[in-house]
Amino acid sequence: MNELVLNLSKLGTPLYFYEKEKIVSNAEKLKSYFKNLNIFYAVKANFNVEILKIFKEQGLGFEVVSKGELILALKTGINPQNIIFNGNGKTYEEVKFAIENGIEIFNFDSLDQLILLEEVAKLMNKNIKALARIKTLVDVETHPHLQTSIFTSKFGLSDEEIDEVLDNIKLLKKVKIVGIHSHIGSNIKDEEPFIKSAYRVLKISKAFDNIEILNFGGGFAVNMNFKELPKLYNELSNKFKVFIEPGRYLIADTGFILAKVVSIKRGYPHDFLVLDCGMSELIRPALYGAYHPIKSIKGQTPERFYIIVGPICESSDIFGEYLLPNMNLNDLVIIENCGAYGYTMSSNYNGREKPLEVLIYNGNYEIINDRKFI
Ligand code: LLP
């Protein structure tokens, strides 16, 4: 790996690189757990088209939440029937574009978004299917920003709103509500909230007449230890079409950032190691306090702590405290677990370029996205 990394560094740092073999093996692992399910990869986690193509080859569908994500998903040549369009604030233009491009399944989590689907479908004289996204009221152990199905969440229909939807069902001519959707949050390490949530979905599904799809969303942490959940979902798939929409689990641990030390300065309680990579390339530490392992490529025994920071003009631009070998200027480091919500949440803040993206396979590499300025 080190020789390849040195070659990559000649392309300039910081850069993102992804391991194709690992992407394929993650997809295969998930498919082996959830044998009879339809798996829709959540494009928001990483929308590089070359990566999307790998998931398509693996037989996965796509979950998208905007016209932009839909365009990227369609670029893979996937059958639009294997794409589901989610989102709590779809616009008229987005729904029209999606229907024009053959998308058939949409979620909704408010009455007005359901009415929007009906209006556009009517105008275009197309029949579409809708999944009602509900709040399943499960508390999950994750960062508060990543909870999505509690009472105060902006996502999902409350019980009152479900009643409103049920009262209006007879007005629907072109939209058929065929499923219930839930997504309880992200980076969840424990199966239990998924199990609780599934029972709540089942219960609410009984209030509707034509439920054939149960969509349990995404949310699995990378190191999720599956025990009972696959059994439950696989059993339900005897009666319903069961969907899941994982993002992070499939891609997070396949991606890395290669970065370089650009300054070392006195700090308290440890010296600062300033990288040429910061919150503009990876905002997760600043936004969620996320921990990403950072390793030196020197291969020497770690012997001292550094506070690793980025070059951005914000005090929150900090990765954290890390034990590393003695570091020098221009030394290379690898930031791990950057495949999900890394590049897709990167920005041009401080006038910085978007980094290069590189795919590695069979010991070779291919540039899959050029460095871009603004
Ligand atoms: N389905 C829906 C409706 C979602 O909102 C999401 C993620 C997923 C599926 C995929 O979730 P995953 O399997 O990746 O957990 N930026 C945050 C994560 C935000 C997730 C947003 N929704 C982070 O960097 O941790």
# chains A, B, ... in the order shown; residues from 1 in each chain; ligands from 1
>>> residues_near_ligand(ligand="ligand 1", cutoff="7 Å", atoms="only C-alpha atoms and all ligand atoms", output="PDB file with N, CA and C atoms, in the first residue's frame")
ATOM      1  N   ALA A  42     -27.806   4.711  -0.607  1.00  0.00           N
ATOM      2  CA  ALA A  42     -28.117   6.133  -0.385  1.00  0.00           C
ATOM      3  C   ALA A  42     -27.032   6.995  -1.027  1.00  0.00           C
ATOM      4  N   ALA A  45     -24.369   9.554   0.481  1.00  0.00           N
ATOM      5  CA  ALA A  45     -23.149   9.188   1.208  1.00  0.00           C
ATOM      6  C   ALA A  45     -21.909   9.425   0.337  1.00  0.00           C
ATOM      7  N   ASN A  86     -36.590  10.191  -2.376  1.00  0.00           N
ATOM      8  CA  ASN A  86     -37.007  10.621  -1.040  1.00  0.00           C
ATOM      9  C   ASN A  86     -36.816  12.126  -0.879  1.00  0.00           C
ATOM     10  N   LEU A 146     -28.042  13.377  14.034  1.00  0.00           N
ATOM     11  CA  LEU A 146     -28.268  12.189  13.207  1.00  0.00           C
ATOM     12  C   LEU A 146     -29.472  11.361  13.668  1.00  0.00           C
ATOM     13  N   HIS A 183     -36.918   6.001   8.562  1.00  0.00           N
ATOM     14  CA  HIS A 183     -35.441   6.082   8.610  1.00  0.00           C
ATOM     15  C   HIS A 183     -35.142   6.696   9.968  1.00  0.00           C
ATOM     16  N   GLY A 185     -32.313   7.220  11.680  1.00  0.00           N
ATOM     17  CA  GLY A 185     -31.120   8.009  11.967  1.00  0.00           C
ATOM     18  C   GLY A 185     -29.916   7.381  11.304  1.00  0.00           C
ATOM     19  N   SER A 186     -28.748   7.880  11.669  1.00  0.00           N
ATOM     20  CA  SER A 186     -27.539   7.432  10.985  1.00  0.00           C
ATOM     21  C   SER A 186     -26.458   7.090  11.992  1.00  0.00           C
ATOM     22  N   ASN A 187     -25.534   6.232  11.567  1.00  0.00           N
ATOM     23  CA  ASN A 187     -24.402   5.811  12.397  1.00  0.00           C
ATOM     24  C   ASN A 187     -24.885   5.098  13.667  1.00  0.00           C
ATOM     25  N   GLY A 217     -35.286   2.196   5.536  1.00  0.00           N
ATOM     26  CA  GLY A 217     -34.286   3.258   5.497  1.00  0.00           C
ATOM     27  C   GLY A 217     -32.859   2.760   5.653  1.00  0.00           C
ATOM     28  N   GLY A 218     -31.973   3.704   6.020  1.00  0.00           N
ATOM     29  CA  GLY A 218     -30.565   3.351   6.214  1.00  0.00           C
ATOM     30  C   GLY A 218     -30.206   3.499   7.670  1.00  0.00           C
ATOM     31  N   GLY A 219     -28.936   3.753   7.953  1.00  0.00           N
ATOM     32  CA  GLY A 219     -28.545   4.053   9.325  1.00  0.00           C
ATOM     33  C   GLY A 219     -27.509   3.150   9.955  1.00  0.00           C
ATOM     34  N   PHE A 220     -27.150   2.032   9.286  1.00  0.00           N
ATOM     35  CA  PHE A 220     -26.201   1.108   9.915  1.00  0.00           C
ATOM     36  C   PHE A 220     -24.813   1.725  10.033  1.00  0.00           C
ATOM     37  N   ALA A 221     -24.242   1.618  11.237  1.00  0.00           N
ATOM     38  CA  ALA A 221     -22.844   2.041  11.402  1.00  0.00           C
ATOM     39  C   ALA A 221     -21.949   1.027  10.689  1.00  0.00           C
ATOM     40  N   GLU A 245     -32.048   1.257   2.765  1.00  0.00           N
ATOM     41  CA  GLU A 245     -31.340   2.328   2.039  1.00  0.00           C
ATOM     42  C   GLU A 245     -30.018   2.677   2.720  1.00  0.00           C
ATOM     43  N   PRO A 246     -29.108   1.725   2.825  1.00  0.00           N
ATOM     44  CA  PRO A 246     -27.852   2.027   3.527  1.00  0.00           C
ATOM     45  C   PRO A 246     -26.913   2.889   2.689  1.00  0.00           C
ATOM     46  N   GLY A 247     -26.212   3.777   3.349  1.00  0.00           N
ATOM     47  CA  GLY A 247     -25.176   4.573   2.688  1.00  0.00           C
ATOM     48  C   GLY A 247     -23.846   4.266   3.348  1.00  0.00           C
ATOM     49  N   ARG A 248     -23.699   4.768   4.578  1.00  0.00           N
ATOM     50  CA  ARG A 248     -22.427   4.660   5.293  1.00  0.00           C
ATOM     51  C   ARG A 248     -21.849   3.244   5.332  1.00  0.00           C
ATOM     52  N   TYR A 249     -22.703   2.261   5.674  1.00  0.00           N
ATOM     53  CA  TYR A 249     -22.223   0.890   5.851  1.00  0.00           C
ATOM     54  C   TYR A 249     -21.492   0.395   4.603  1.00  0.00           C
ATOM     55  N   ARG A 284     -16.934  16.357   9.041  1.00  0.00           N
ATOM     56  CA  ARG A 284     -17.552  15.532  10.094  1.00  0.00           C
ATOM     57  C   ARG A 284     -16.997  15.785  11.502  1.00  0.00           C
ATOM     58  N   ALA A 340     -17.811   7.875   3.325  1.00  0.00           N
ATOM     59  CA  ALA A 340     -19.204   8.333   3.392  1.00  0.00           C
ATOM     60  C   ALA A 340     -19.263   9.739   3.966  1.00  0.00           C
ATOM     61  N   TYR A 341     -20.053  10.587   3.365  1.00  0.00           N
ATOM     62  CA  TYR A 341     -20.273  11.954   3.844  1.00  0.00           C
ATOM     63  C   TYR A 341     -18.953  12.715   3.986  1.00  0.00           C
TER      64      TYR A 341
END
>>> select_by_dssp(residues="segment 37-270 of chain A", states="helix (DSSP H, G or I)", output="count of residues only")
90
>>> residues_around(residues="Ile169 of chain A", least_positions_apart="3", cutoff="12 Å", atoms="only C-alpha atoms", output="PyMOL selection string")
chain A and resi 111+114-115+118+130+132+162-166+172-178+207-210
>>> write_last_selection(atoms="C-alpha atoms", output="short mmCIF file (atom, residue, chain, number, x, y, z; two decimals), in the first residue's frame")
data_model
loop_
_atom_site.label_atom_id
_atom_site.label_comp_id
_atom_site.auth_asym_id
_atom_site.auth_seq_id
_atom_site.Cartn_x
_atom_site.Cartn_y
_atom_site.Cartn_z
CA LEU A 111 -49.80 16.19 3.26
CA LEU A 114 -48.34 14.14 -1.15
CA ILE A 115 -50.62 16.63 -2.90
CA GLU A 118 -50.62 13.94 -7.11
CA ALA A 130 -45.81 6.69 -2.79
CA ALA A 132 -45.59 7.36 3.67
CA ILE A 162 -51.14 10.15 9.27
CA ASP A 163 -54.82 10.65 10.04
CA GLU A 164 -54.91 13.66 7.70
CA VAL A 165 -53.34 11.58 4.96
CA LEU A 166 -55.85 8.78 5.52
CA LEU A 172 -55.75 10.55 -5.00
CA LYS A 173 -56.17 9.50 -8.61
CA LYS A 174 -52.64 9.11 -9.88
CA VAL A 175 -50.73 8.40 -6.68
CA LYS A 176 -51.16 5.11 -4.90
CA ILE A 177 -49.82 4.81 -1.37
CA VAL A 178 -48.22 1.38 -1.47
CA ALA A 207 -54.14 1.59 8.89
CA PHE A 208 -53.62 1.67 5.12
CA ASP A 209 -55.27 -0.57 2.54
CA ASN A 210 -52.70 -1.36 -0.10
#
>>> residues_around(residues="Gly299 of chain A", least_positions_apart="3", cutoff="12 Å", atoms="only C-alpha atoms", output="PDB file with N, CA and C atoms, in the first residue's frame")
ATOM      1  N   MET A   1       0.849  -1.219   0.000  1.00  0.00           N
ATOM      2  CA  MET A   1       0.000   0.000   0.000  1.00  0.00           C
ATOM      3  C   MET A   1       0.873   1.253   0.000  1.00  0.00           C
ATOM      4  N   ASN A   2       2.011   1.199   0.760  1.00  0.00           N
ATOM      5  CA  ASN A   2       2.797   2.430   0.897  1.00  0.00           C
ATOM      6  C   ASN A   2       3.356   2.957  -0.424  1.00  0.00           C
ATOM      7  N   LYS A 295      -3.382   8.065  10.496  1.00  0.00           N
ATOM      8  CA  LYS A 295      -2.148   7.298  10.656  1.00  0.00           C
ATOM      9  C   LYS A 295      -1.043   7.923   9.820  1.00  0.00           C
ATOM     10  N   SER A 296       0.162   7.831  10.371  1.00  0.00           N
ATOM     11  CA  SER A 296       1.324   8.245   9.592  1.00  0.00           C
ATOM     12  C   SER A 296       1.686   7.092   8.669  1.00  0.00           C
ATOM     13  N   PRO A 302       4.367   4.738  17.087  1.00  0.00           N
ATOM     14  CA  PRO A 302       3.869   6.020  17.580  1.00  0.00           C
ATOM     15  C   PRO A 302       4.492   6.339  18.930  1.00  0.00           C
ATOM     16  N   GLU A 303       4.902   7.581  19.137  1.00  0.00           N
ATOM     17  CA  GLU A 303       5.537   7.887  20.427  1.00  0.00           C
ATOM     18  C   GLU A 303       5.110   9.200  21.044  1.00  0.00           C
ATOM     19  N   LEU A 324       1.197   9.578  17.374  1.00  0.00           N
ATOM     20  CA  LEU A 324       1.879   9.358  16.094  1.00  0.00           C
ATOM     21  C   LEU A 324       3.383   9.241  16.338  1.00  0.00           C
ATOM     22  N   PRO A 325       4.121   8.768  15.338  1.00  0.00           N
ATOM     23  CA  PRO A 325       5.583   8.863  15.461  1.00  0.00           C
ATOM     24  C   PRO A 325       5.991  10.339  15.443  1.00  0.00           C
ATOM     25  N   ASN A 326       7.232  10.616  15.671  1.00  0.00           N
ATOM     26  CA  ASN A 326       7.712  11.995  15.538  1.00  0.00           C
ATOM     27  C   ASN A 326       7.498  12.467  14.118  1.00  0.00           C
ATOM     28  N   MET A 327       6.793  13.578  13.963  1.00  0.00           N
ATOM     29  CA  MET A 327       6.430  13.993  12.610  1.00  0.00           C
ATOM     30  C   MET A 327       7.274  15.183  12.155  1.00  0.00           C
ATOM     31  N   ASP A 331       5.539  15.293   5.851  1.00  0.00           N
ATOM     32  CA  ASP A 331       5.183  13.887   6.071  1.00  0.00           C
ATOM     33  C   ASP A 331       3.736  13.656   5.646  1.00  0.00           C
ATOM     34  N   LEU A 332       3.479  12.430   5.195  1.00  0.00           N
ATOM     35  CA  LEU A 332       2.118  12.104   4.737  1.00  0.00           C
ATOM     36  C   LEU A 332       1.332  11.391   5.828  1.00  0.00           C
ATOM     37  N   VAL A 333       0.055  11.688   5.884  1.00  0.00           N
ATOM     38  CA  VAL A 333      -0.826  10.942   6.792  1.00  0.00           C
ATOM     39  C   VAL A 333      -2.052  10.468   6.010  1.00  0.00           C
ATOM     40  N   ILE A 334      -2.664   9.422   6.558  1.00  0.00           N
ATOM     41  CA  ILE A 334      -3.898   8.908   5.946  1.00  0.00           C
ATOM     42  C   ILE A 334      -5.036   9.037   6.959  1.00  0.00           C
TER      43      ILE A 334
END
>>> residues_around(residues="Ser237 of chain A", least_positions_apart="5", cutoff="10 Å", atoms="only C-alpha atoms", output="list in words")
Phe34, Lys35, Asn36, Leu37, Asn38, Glu212, Ile213, Leu214, Lys231, Leu232, Val242 and Phe243 of chain A
